[in-house]
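A.B. asks: The structure is given below, and queries will be raised subsequently.
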Amino acid sequence: MLAMTDLNTKQQQAAQFGDIDANKGIESGPLLIIAGAGTGKTNTLAHRAAHLVTNNVSPERILLMTFSRRAANELSERVNRIVEAQLRQKDQTFAPVKLPWMGTFHSIANRLLRMYAQSIGLDPGFVIMDRNDSADMLDLVRHKLGFSSSEKRFPRKNTCLDIYSRCVNAQAELEQILDVDFPWCKDWHDELKQLFKTYVEQKIEQACLDYDDLLLYWYHMAGVPDIAALIRKDFDHILVDEYQDTNLLQASLLQRLFPDGSGLTVVGDDAQSIYSFRSADVDNILNFPQQFSPPAKVVSLQKNYRSTQPILDVSNALLKESKSGYKIDLFSEKKSITKPQLVTVEDDVKQAKYIIDKLLAARESGTLLKHQSVLFRSSHHSDRLELALAQRNIPYVKHGGLKFLEAAHVKDLLSIMRFADNPKHQISGFRVLKMLPRIGPRTAESILGHLTQQNNDLYSLAGYQSTMVKNEQWTKLCNLLPSVHHNTISWSDQLSQVAGWYKEILETNYDDHFVRWGDIEQLVRMSQQYNSRERFLSELTLDPPVSSGDLAGAPLLDDDFLILSTIHSAKGQEWKNVFVLNVADGNFPNEYACGDDKLIEEERRLLYVAMTRAKEELHLIQPLKYWVPQQQQHGDKHVFGSKSRFLTESVMTNLEATTYPRKQPTANEQLAGQKALTDIRKSILSSWA
DNA sequence: CACCCAAACTTTTTT
DNA sequence: AGTTTGGGTG
């Protein structure tokens, strides 16, 4: 038996679960690891992977699915270190372990689908659409079906996509989804159904898959016995991280592939399930054990290595208030007399001031900015703070919120690449053509029609007859697209060539083209890291780089900076000091999430996630009034928030309530105890006497 | 038919 | 606040 000295008993139990088997290395039934916040989940998972590898399970037969690419990389490094350490103990030589099958559900789906494309009637050159593309395509379909000109307003494209996505991911009928989640769209049931049908047809026609399709196709592929058998045969072990955030579609495809659960390990914490808007279903993890017979083994990790006990006390108290779940109690050996703070401030200006005060004080006493963070429910909550930070010249980086790929110019450039890659993909084509001056929706459509007639041969673009489009930009584009498509231009030059063409458009269309060009150059550089156009395009949509508008800006020149993050993006992270903004009803829970109990429960878990990020200091900030980004009616822009419903009595006993700034005594109080010094009324009266 | 401007509308979180 | 829609102009 290998020494696993740095694991506690429970962790070891989880890491080593299963019997050593001569053929398969390790033979194990289904296993569920409930890993509370900060209980060493990644370490345990990495040890489990390492345990498998050192017991002769070959690395390429392990399928490891994580929530994000970042988590995957971290795990990979950890596995490597552990395996190395263990082999060194046994005096064996170490060759780095590569776990080739590691990534998000979506990226694994992408790989498998390309492998099996031919067998399932899928164009192996399919393009992956991001959410925006999908929404645009739906919009187009909606126009074609004539739903946009109806008397009553048809749901917006993004709403439509949300509805569609939920149907797919929750594996439910449209009617049911409308009833539960989109009751205001119920009247449009028939039209929506037709819309989605046409949308699916369009996607097939244009050889493109949206995010949901990646899972959906995988799920259907797993339903074909021959293919399922092939896939199953390739993997001895499947480890799924963040299982609490999987949706029904993901759970069902796992079940199809590995019906008896052998070799299946899932890890998660139901108390941290915060992705229901993406159709994640906590019931997946709650019901996991009973899915099998005999039921899966459950190991729960409760010893926390991150936070001080007072922080865990308040977190535990919060969790106890929820209506369902495993409700594990976290405990820690880190004692402290400092209770987490609940700070009442007047408004968001004071809130920002408080944070900056505390933040700088902490830095003075040796805590770097990057060991502190500010967390919030929605990304605009930090607006006021960002302003204040900028004024005080405090460098920060914001996670969550606007994405690199959502910037118009980046979308422009990528759509040129996508169109060149797959001329059938009309959404990109449309976007590309409309960039040109004097080309609007109608002309673009007509050009695309011409292209379709010519079998999507990009060379035929030059033959499009029109007096309108004859200009140099058009001619260049007609040459550029086919040379990219047929790789006449080598891959390493493609992006810079395309960017070169786009520069002119950028300069005429945007005032701030200078800043935007920086992003384009960044993109060109990034493309060099991928070895083909196809990989570049799919990996970029599957794993979008975090916000980058200010990537070249000042903050990164400084190596110490504050982290601002939405709670969702803070998953898995930890900081010494954590500030949570706007802990008040309306923001926390969010006013849009007060619909039903399930949503409220999730909001509570969100606060739980935020609290458990802190190692030493936790400040919950409660503004008495806060800014509401312009309501329909022009009323007061300030709204008085009431106390968050999550701060119940039992939670409050674990918090120290303070006020900031320390209340100044009023003038009357300062003079308190003295008799009236004078009566002004007399002097006023006297002037009329 | 393209383009520009004004008015209306909608808000969370993200693979 | 920033996007989407509608109307008017050239």
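Letters for chains follow the order of the structure tokens (A, B, ...), residue numbers begin at 1 for each chain, and ligand numbers begin at 1 in the order shown.
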When DSSP works through the backbone of this structure, what residues of stretch 22-221 of chain A end up as strand (DSSP E or B), shown as a list of chain:residue names?

C.D. replies: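 Across stretch 22-221 of chain A, those assigned strand (DSSP E or B) are A:Gly25, A:Ile26, A:Glu27, A:Leu31, A:Leu32, A:Ile33, A:Ile34, A:Ala35, A:Ile62, A:Leu63, A:Leu64, A:Met65, A:Met102, A:Gly103, A:Val127, A:Ile128, A:Cys208, A:Leu209.
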
A.B. asks: Using only C-alpha atoms (C1' of nucleotides), find the residues of chain C whose closest atom to chain A is at most 12 Å away, then write them as a list of chain:residue names.

C.D. replies: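 So the residues of chain C near chain A are C:DA1, C:DT3, C:DT4, C:DT5, C:DG6.
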
A.B. asks: May I ask for the distance between atom CA of A:Ala462 and atom CA of A:Asn422, given in Å to one decimal place?

C.D. replies: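 Distance between the two atoms: 17.5 Å.
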
A.B. asks: For chain A against chain B, which residues fall within 9 Å using only C-alpha atoms (C1' of nucleotides), given as a ChimeraX atom specification?

C.D. replies: /A:67-68,104-106,211,274-275,277-278,377-379,400,437-443,542-543,566-569,590,592-593,629,632

A.B. asks: Quick one: pull the distance between atom CA of A:Asn56 and atom CA of A:Ala22, Å, one decimal.

C.D. replies: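 Straight-line distance from atom CA of A:Asn56 to atom CA of A:Ala22 works out to 8.9 Å.
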
A.B. asks: Would you mind listing what lies within 10 Å of A:Phe331 as a PyMOL selection string, with only C-alpha atoms (C1' of nucleotides) counted and same-chain residues fewer than 4 positions away left out?

C.D. replies: chain A and resi 39+302-313+316

A.B. asks: Can I get the selected residues back with N, CA and C atoms, as a JSON list (two decimals), in the first residue's frame?

C.D. replies:
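Output file again14.json is given in full below:
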[["chain", "number", "residue", "atom", "x", "y", "z"],
["A", 39, "THR", "N", -12.42, 21.23, 1.91],
["A", 39, "THR", "CA", -12.05, 19.98, 2.58],
["A", 39, "THR", "C", -11.00, 19.20, 1.82],
["A", 302, "GLN", "N", -15.53, 16.40, 5.81],
["A", 302, "GLN", "CA", -16.03, 17.54, 6.58],
["A", 302, "GLN", "C", -14.94, 18.33, 7.26],
["A", 303, "LYS", "N", -13.75, 17.78, 7.25],
["A", 303, "LYS", "CA", -12.67, 18.53, 7.89],
["A", 303, "LYS", "C", -12.16, 19.59, 6.93],
["A", 304, "ASN", "N", -12.31, 20.82, 7.36],
["A", 304, "ASN", "CA", -11.98, 21.95, 6.51],
["A", 304, "ASN", "C", -10.57, 22.45, 6.80],
["A", 305, "TYR", "N", -9.83, 22.68, 5.74],
["A", 305, "TYR", "CA", -8.44, 23.12, 5.90],
["A", 305, "TYR", "C", -8.26, 24.59, 5.54],
["A", 306, "ARG", "N", -9.37, 25.25, 5.27],
["A", 306, "ARG", "CA", -9.25, 26.60, 4.74],
["A", 306, "ARG", "C", -9.52, 27.68, 5.79],
["A", 307, "SER", "N", -10.65, 27.57, 6.44],
["A", 307, "SER", "CA", -11.15, 28.70, 7.21],
["A", 307, "SER", "C", -10.98, 28.52, 8.71],
["A", 308, "THR", "N", -11.11, 29.62, 9.42],
["A", 308, "THR", "CA", -11.12, 29.55, 10.88],
["A", 308, "THR", "C", -12.49, 29.05, 11.32],
["A", 309, "GLN", "N", -12.55, 28.52, 12.52],
["A", 309, "GLN", "CA", -13.80, 27.95, 13.02],
["A", 309, "GLN", "C", -14.97, 28.96, 13.04],
["A", 310, "PRO", "N", -14.74, 30.20, 13.46],
["A", 310, "PRO", "CA", -15.87, 31.14, 13.45],
["A", 310, "PRO", "C", -16.50, 31.32, 12.07],
["A", 311, "ILE", "N", -15.67, 31.29, 11.04],
["A", 311, "ILE", "CA", -16.22, 31.42, 9.69],
["A", 311, "ILE", "C", -17.06, 30.20, 9.36],
["A", 312, "LEU", "N", -16.58, 29.03, 9.78],
["A", 312, "LEU", "CA", -17.34, 27.82, 9.53],
["A", 312, "LEU", "C", -18.63, 27.81, 10.36],
["A", 313, "ASP", "N", -18.57, 28.36, 11.56],
["A", 313, "ASP", "CA", -19.76, 28.39, 12.40],
["A", 313, "ASP", "C", -20.90, 29.13, 11.71],
["A", 316, "ASN", "N", -22.06, 27.10, 8.66],
["A", 316, "ASN", "CA", -22.87, 25.95, 9.08],
["A", 316, "ASN", "C", -24.27, 26.39, 9.50]]

A.B. asks: Pick out each residue of stretch 132-173 of chain A that DSSP on the backbone tags as helix (DSSP H, G or I); I need them as a short mmCIF file (atom, residue, chain, number, x, y, z; two decimals) with N, CA and C atoms, in the first residue's frame.

C.D. replies:
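Full text of part.cif as output:
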data_model
loop_
_atom_site.label_atom_id
_atom_site.label_comp_id
_atom_site.auth_asym_id
_atom_site.auth_seq_id
_atom_site.Cartn_x
_atom_site.Cartn_y
_atom_site.Cartn_z
N ASN A 132 -24.18 33.60 -28.52
CA ASN A 132 -24.61 34.70 -29.36
C ASN A 132 -25.00 34.24 -30.75
N ASP A 133 -24.18 33.37 -31.30
CA ASP A 133 -24.49 32.83 -32.62
C ASP A 133 -25.83 32.12 -32.59
N SER A 134 -26.02 31.32 -31.55
CA SER A 134 -27.25 30.56 -31.45
C SER A 134 -28.45 31.50 -31.39
N ALA A 135 -28.31 32.54 -30.58
CA ALA A 135 -29.40 33.50 -30.45
C ALA A 135 -29.67 34.18 -31.78
N ASP A 136 -28.61 34.55 -32.49
CA ASP A 136 -28.79 35.20 -33.78
C ASP A 136 -29.49 34.29 -34.77
N MET A 137 -29.11 33.02 -34.73
CA MET A 137 -29.74 32.09 -35.66
C MET A 137 -31.22 31.95 -35.34
N LEU A 138 -31.53 31.86 -34.07
CA LEU A 138 -32.93 31.79 -33.68
C LEU A 138 -33.68 33.03 -34.16
N ASP A 139 -33.04 34.16 -34.04
CA ASP A 139 -33.65 35.41 -34.44
C ASP A 139 -34.00 35.40 -35.92
N LEU A 140 -33.04 34.91 -36.69
CA LEU A 140 -33.22 34.83 -38.13
C LEU A 140 -34.38 33.91 -38.48
N VAL A 141 -34.40 32.76 -37.82
CA VAL A 141 -35.47 31.80 -38.05
C VAL A 141 -36.82 32.43 -37.68
N ARG A 142 -36.81 33.17 -36.61
CA ARG A 142 -38.02 33.82 -36.14
C ARG A 142 -38.55 34.79 -37.21
N HIS A 143 -37.64 35.52 -37.81
CA HIS A 143 -38.04 36.43 -38.89
C HIS A 143 -38.64 35.67 -40.05
N LYS A 144 -37.94 34.61 -40.43
CA LYS A 144 -38.38 33.84 -41.59
C LYS A 144 -39.77 33.28 -41.38
N PHE A 147 -42.73 35.51 -37.20
CA PHE A 147 -43.23 35.72 -35.84
C PHE A 147 -42.89 37.12 -35.31
N SER A 148 -41.97 37.80 -36.01
CA SER A 148 -41.54 39.07 -35.46
C SER A 148 -42.56 40.18 -35.71
N SER A 149 -43.45 39.96 -36.70
CA SER A 149 -44.36 41.05 -37.04
C SER A 149 -45.76 40.86 -36.44
N LYS A 157 -35.04 36.98 -28.56
CA LYS A 157 -34.23 35.84 -29.00
C LYS A 157 -33.53 35.15 -27.84
N ASN A 158 -33.07 35.95 -26.88
CA ASN A 158 -32.37 35.31 -25.77
C ASN A 158 -33.32 34.50 -24.89
N THR A 159 -34.53 35.01 -24.75
CA THR A 159 -35.53 34.25 -24.00
C THR A 159 -35.82 32.94 -24.72
N CYS A 160 -35.99 33.04 -26.04
CA CYS A 160 -36.25 31.83 -26.82
C CYS A 160 -35.14 30.80 -26.60
N LEU A 161 -33.91 31.29 -26.66
CA LEU A 161 -32.79 30.38 -26.51
C LEU A 161 -32.78 29.76 -25.11
N ASP A 162 -33.10 30.57 -24.12
CA ASP A 162 -33.17 30.05 -22.75
C ASP A 162 -34.20 28.93 -22.65
N ILE A 163 -35.34 29.16 -23.25
CA ILE A 163 -36.40 28.16 -23.19
C ILE A 163 -35.94 26.87 -23.87
N TYR A 164 -35.39 27.05 -25.08
CA TYR A 164 -34.92 25.89 -25.84
C TYR A 164 -33.88 25.11 -25.04
N SER A 165 -32.93 25.86 -24.52
CA SER A 165 -31.82 25.26 -23.81
C SER A 165 -32.31 24.47 -22.60
N ARG A 166 -33.28 25.04 -21.93
CA ARG A 166 -33.80 24.38 -20.74
C ARG A 166 -34.52 23.08 -21.11
N CYS A 167 -35.24 23.10 -22.21
CA CYS A 167 -35.91 21.88 -22.66
C CYS A 167 -34.88 20.77 -22.88
N VAL A 168 -33.79 21.14 -23.56
CA VAL A 168 -32.79 20.14 -23.89
C VAL A 168 -32.07 19.64 -22.63
N ASN A 169 -31.60 20.58 -21.82
CA ASN A 169 -30.78 20.19 -20.68
C ASN A 169 -31.55 19.54 -19.55
#

A.B. asks: Quote the spacing between atom CA of A:Trp491 and atom CA of A:Gln473 in Å to one decimal place.

C.D. replies: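 Straight-line distance from atom CA of A:Trp491 to atom CA of A:Gln473 works out to 21.9 Å.
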